[in-house]
Each structure stands twice: as C-alpha cells, then as structure tokens.
Amino acid sequence: MVQQVEITLKPKSRGFHLVTNEIISQLPVLPQTGIINIFTKHTSCGLSINENCDPDVRIDMETIFNHIVPERQSYYEHTLEGPDDMPAHAKSTISGVSITIPITNGHLNMGTWQGIYFCEYRNYGGARKLVVTIMGE
C-alpha cells in the first residue's frame, strides 16, 4: 500500500525546529511496517533528524550553518531576494530536502534521542508544504 499526503507546517522563525509532533499530528494512520518519506517543496529550507532533547543542539546547528555559509558575500550572484536567500539555497543543499524513516508497529521507528528537524533558512519563510509518502503493509 502506498499513501501520499501533503501537509503544511506553520510558519517558523529562522533556525532549526523540532517538528516531530507537528508532522505526526497531520499524518493518517500508519501501516504496521513500512517506511515514510518526508519531502519539502521549497528551495530555502531543509529537513534533518537529530537531537530531540536539548534545545542547545538546535541553536548550535544554526550557528554552525551560519558559519559555514555566511550572508552578504561579494561572490554571491543571486541577491535579489535579500541577503538570506542565496545562503538559504546553499544550506538547503547541505542539509537536504527529504528524510526517510522506518515504520514499525504503526509508529515512526526513531531512536530515543532522535527527532525531525525542520530547518528554516530564511528570515521570513512562511508556511511550508511537505509531501509525505507512506509505503507499507
């Protein structure tokens, strides 16, 4: 069986956000066994799986990404949409725009300390659409 739904995340401030519960609350009943793929339909944000307990990790991730891909660099050509736009595209490429998670006993099978991060790289990204594909039995 394959199901596909499109869900919307509420607008987030720039940064790394733990959205596991927000995503789960919008999903249909999951199969007993399978996989789920979550894909963002945008080019200036990303998805990741990381630490779900200590919020300092999310702050540190934002700091690291801003250090790796700084704003206002003279070599950027794509600058019409503001100083956060081109860095957001680069960060999206680094983090990726989709994640795949196993489903076991009707639940996402992640480790104790794992959660789904939505990575907003724009100052004002707005609501974001995700395509969720569920495959299983």
# chains A, B, ... in the order shown; residues from 1 in each chain; ligands from 1
>>> select_by_dssp(residues="stretch 20-66 of chain A", states="helix (DSSP H, G or I)", output="list in words")
Thr20, Asn21, Glu22, Ile23, Ile24, Asp56, Val57, Arg58, Ile59, Asp60, Met61, Glu62, Thr63, Ile64, Phe65 and Asn66 of chain A
>>> residues_around(residues="stretch 14-26 of chain A", least_positions_apart="6", cutoff="7 Å", atoms="only C-alpha atoms", output="number ranges by chain")
A: 7, 52, 58, 62, 115-123
>>> select_by_dssp(residues="stretch 28-88 of chain A", states="strand (DSSP E)", output="number ranges by chain")
A: 33-40, 45-51
>>> write_last_selection(atoms="all heavy atoms", output="mmCIF file, in the first residue's frame")
data_model
loop_
_atom_site.group_PDB
_atom_site.id
_atom_site.type_symbol
_atom_site.label_atom_id
_atom_site.label_comp_id
_atom_site.auth_asym_id
_atom_site.auth_seq_id
_atom_site.Cartn_x
_atom_site.Cartn_y
_atom_site.Cartn_z
ATOM 1 N N THR A 33 4.117 -1.916 9.303
ATOM 2 C CA THR A 33 5.510 -1.971 8.880
ATOM 3 C C THR A 33 5.651 -1.202 7.577
ATOM 4 O O THR A 33 4.778 -1.280 6.720
ATOM 5 C CB THR A 33 5.948 -3.432 8.638
ATOM 6 O OG1 THR A 33 5.703 -4.185 9.818
ATOM 7 C CG2 THR A 33 7.427 -3.518 8.287
ATOM 8 N N GLY A 34 6.743 -0.470 7.432
ATOM 9 C CA GLY A 34 6.966 0.243 6.180
ATOM 10 C C GLY A 34 8.010 1.323 6.338
ATOM 11 O O GLY A 34 8.863 1.279 7.236
ATOM 12 N N ILE A 35 7.916 2.290 5.448
ATOM 13 C CA ILE A 35 8.794 3.462 5.514
ATOM 14 C C ILE A 35 7.964 4.698 5.173
ATOM 15 O O ILE A 35 6.936 4.624 4.500
ATOM 16 C CB ILE A 35 10.023 3.368 4.572
ATOM 17 C CG1 ILE A 35 9.601 3.227 3.116
ATOM 18 C CG2 ILE A 35 10.946 2.260 4.994
ATOM 19 C CD1 ILE A 35 10.759 3.358 2.142
ATOM 20 N N ILE A 36 8.460 5.827 5.645
ATOM 21 C CA ILE A 36 7.841 7.103 5.351
ATOM 22 C C ILE A 36 8.922 8.024 4.807
ATOM 23 O O ILE A 36 10.048 8.037 5.316
ATOM 24 C CB ILE A 36 7.155 7.687 6.609
ATOM 25 C CG1 ILE A 36 6.359 8.956 6.273
ATOM 26 C CG2 ILE A 36 8.160 7.961 7.705
ATOM 27 C CD1 ILE A 36 5.480 9.421 7.427
ATOM 28 N N ASN A 37 8.593 8.719 3.743
ATOM 29 C CA ASN A 37 9.498 9.720 3.189
ATOM 30 C C ASN A 37 8.807 11.071 3.339
ATOM 31 O O ASN A 37 7.639 11.222 2.989
ATOM 32 C CB ASN A 37 9.812 9.447 1.719
ATOM 33 C CG ASN A 37 10.725 10.517 1.147
ATOM 34 O OD1 ASN A 37 10.258 11.513 0.611
ATOM 35 N ND2 ASN A 37 12.013 10.328 1.297
ATOM 36 N N ILE A 38 9.540 12.040 3.862
ATOM 37 C CA ILE A 38 9.020 13.395 4.041
ATOM 38 C C ILE A 38 9.891 14.320 3.204
ATOM 39 O O ILE A 38 11.118 14.331 3.352
ATOM 40 C CB ILE A 38 9.035 13.807 5.524
ATOM 41 C CG1 ILE A 38 8.300 12.760 6.376
ATOM 42 C CG2 ILE A 38 8.426 15.194 5.702
ATOM 43 C CD1 ILE A 38 8.484 12.930 7.865
ATOM 44 N N PHE A 39 9.257 15.083 2.322
ATOM 45 C CA PHE A 39 9.946 15.920 1.340
ATOM 46 C C PHE A 39 9.393 17.339 1.414
ATOM 47 O O PHE A 39 8.180 17.539 1.412
ATOM 48 C CB PHE A 39 9.696 15.331 -0.057
ATOM 49 C CG PHE A 39 10.160 16.187 -1.202
ATOM 50 C CD1 PHE A 39 11.487 16.178 -1.597
ATOM 51 C CD2 PHE A 39 9.263 16.990 -1.894
ATOM 52 C CE1 PHE A 39 11.919 16.956 -2.664
ATOM 53 C CE2 PHE A 39 9.689 17.776 -2.958
ATOM 54 C CZ PHE A 39 11.014 17.759 -3.340
ATOM 55 N N THR A 40 10.276 18.327 1.507
ATOM 56 C CA THR A 40 9.819 19.712 1.490
ATOM 57 C C THR A 40 9.825 20.239 0.061
ATOM 58 O O THR A 40 10.750 19.970 -0.707
ATOM 59 C CB THR A 40 10.655 20.626 2.414
ATOM 60 O OG1 THR A 40 10.165 21.962 2.307
ATOM 61 C CG2 THR A 40 12.125 20.602 2.080
ATOM 62 N N CYS A 45 14.852 25.797 2.619
ATOM 63 C CA CYS A 45 14.699 25.171 3.926
ATOM 64 C C CYS A 45 15.151 23.720 3.792
ATOM 65 O O CYS A 45 15.513 23.286 2.706
ATOM 66 C CB CYS A 45 13.254 25.272 4.421
ATOM 67 S SG CYS A 45 12.038 24.495 3.339
ATOM 68 N N GLY A 46 15.141 22.986 4.875
ATOM 69 C CA GLY A 46 15.583 21.602 4.808
ATOM 70 C C GLY A 46 14.956 20.758 5.895
ATOM 71 O O GLY A 46 14.217 21.247 6.749
ATOM 72 N N LEU A 47 15.260 19.477 5.851
ATOM 73 C CA LEU A 47 14.811 18.514 6.854
ATOM 74 C C LEU A 47 16.002 17.706 7.338
ATOM 75 O O LEU A 47 16.931 17.440 6.577
ATOM 76 C CB LEU A 47 13.768 17.566 6.248
ATOM 77 C CG LEU A 47 12.430 18.195 5.886
ATOM 78 C CD1 LEU A 47 11.635 17.264 4.988
ATOM 79 C CD2 LEU A 47 11.635 18.541 7.136
ATOM 80 N N SER A 48 15.946 17.323 8.595
ATOM 81 C CA SER A 48 17.040 16.552 9.172
ATOM 82 C C SER A 48 16.502 15.758 10.360
ATOM 83 O O SER A 48 15.424 16.066 10.877
ATOM 84 C CB SER A 48 18.153 17.499 9.627
ATOM 85 O OG SER A 48 19.231 16.796 10.186
ATOM 86 N N ILE A 49 17.251 14.773 10.783
ATOM 87 C CA ILE A 49 16.948 14.057 12.024
ATOM 88 C C ILE A 49 18.129 14.289 12.957
ATOM 89 O O ILE A 49 19.281 14.095 12.570
ATOM 90 C CB ILE A 49 16.733 12.556 11.769
ATOM 91 C CG1 ILE A 49 15.488 12.365 10.902
ATOM 92 C CG2 ILE A 49 16.617 11.801 13.092
ATOM 93 C CD1 ILE A 49 15.222 10.941 10.507
ATOM 94 N N ASN A 50 17.807 14.719 14.181
ATOM 95 C CA ASN A 50 18.873 14.995 15.126
ATOM 96 C C ASN A 50 18.316 14.997 16.543
ATOM 97 O O ASN A 50 17.177 14.599 16.771
ATOM 98 C CB ASN A 50 19.563 16.323 14.770
ATOM 99 C CG ASN A 50 21.042 16.294 15.078
ATOM 100 O OD1 ASN A 50 21.450 15.927 16.177
ATOM 101 N ND2 ASN A 50 21.853 16.674 14.107
ATOM 102 N N GLU A 51 19.089 15.491 17.473
ATOM 103 C CA GLU A 51 18.809 15.529 18.918
ATOM 104 C C GLU A 51 17.416 16.116 19.207
ATOM 105 O O GLU A 51 17.098 17.209 18.776
ATOM 106 C CB GLU A 51 19.878 16.403 19.576
ATOM 107 C CG GLU A 51 19.598 16.824 20.980
ATOM 108 C CD GLU A 51 19.811 15.722 21.988
ATOM 109 O OE1 GLU A 51 20.837 15.026 21.907
ATOM 110 O OE2 GLU A 51 18.940 15.564 22.859
#
>>> closest_atom_pairs(of="stretch 74-104 of chain A", to="stretch 132-136 of chain A", cutoff="10 Å", atoms="only C-alpha atoms", output="CSV")
residue,atom,partner,partner_atom,distance
A:Ser98,CA,A:Val132,CA,9.5
A:Ile99,CA,A:Val132,CA,9.8
A:Thr100,CA,A:Thr133,CA,9.4
A:Ile101,CA,A:Ile134,CA,9.8
A:Pro102,CA,A:Gly136,CA,9.6
A:Ile103,CA,A:Gly136,CA,8.0
A:Thr104,CA,A:Gly136,CA,9.7
>>> residues_around(residues="A:Ile94", least_positions_apart="4", cutoff="10 Å", atoms="only C-alpha atoms", output="ChimeraX atom specification")
/A:46,65,69,88-90
>>> residues_around(residues="A:Tyr76", least_positions_apart="6", cutoff="10 Å", atoms="only C-alpha atoms", output="ChimeraX atom specification")
/A:83,86-87
>>> atom_distance(atom1="atom CA of A:Gln3", atom2="atom CA of A:Val97")
19.4 Å
>>> atom_distance(atom1="atom CA of A:His78", atom2="atom CA of A:His42")
16.5 Å
>>> closest_residue(among="A:Thr79, A:Glu137, A:Lys41, A:Ser74", to="A:Thr8", atoms="only C-alpha atoms")
A:Lys41
>>> closest_residue(among="A:Val131, A:Ile64, A:Met110, A:Met1", to="A:Leu30", atoms="only C-alpha atoms")
A:Met1
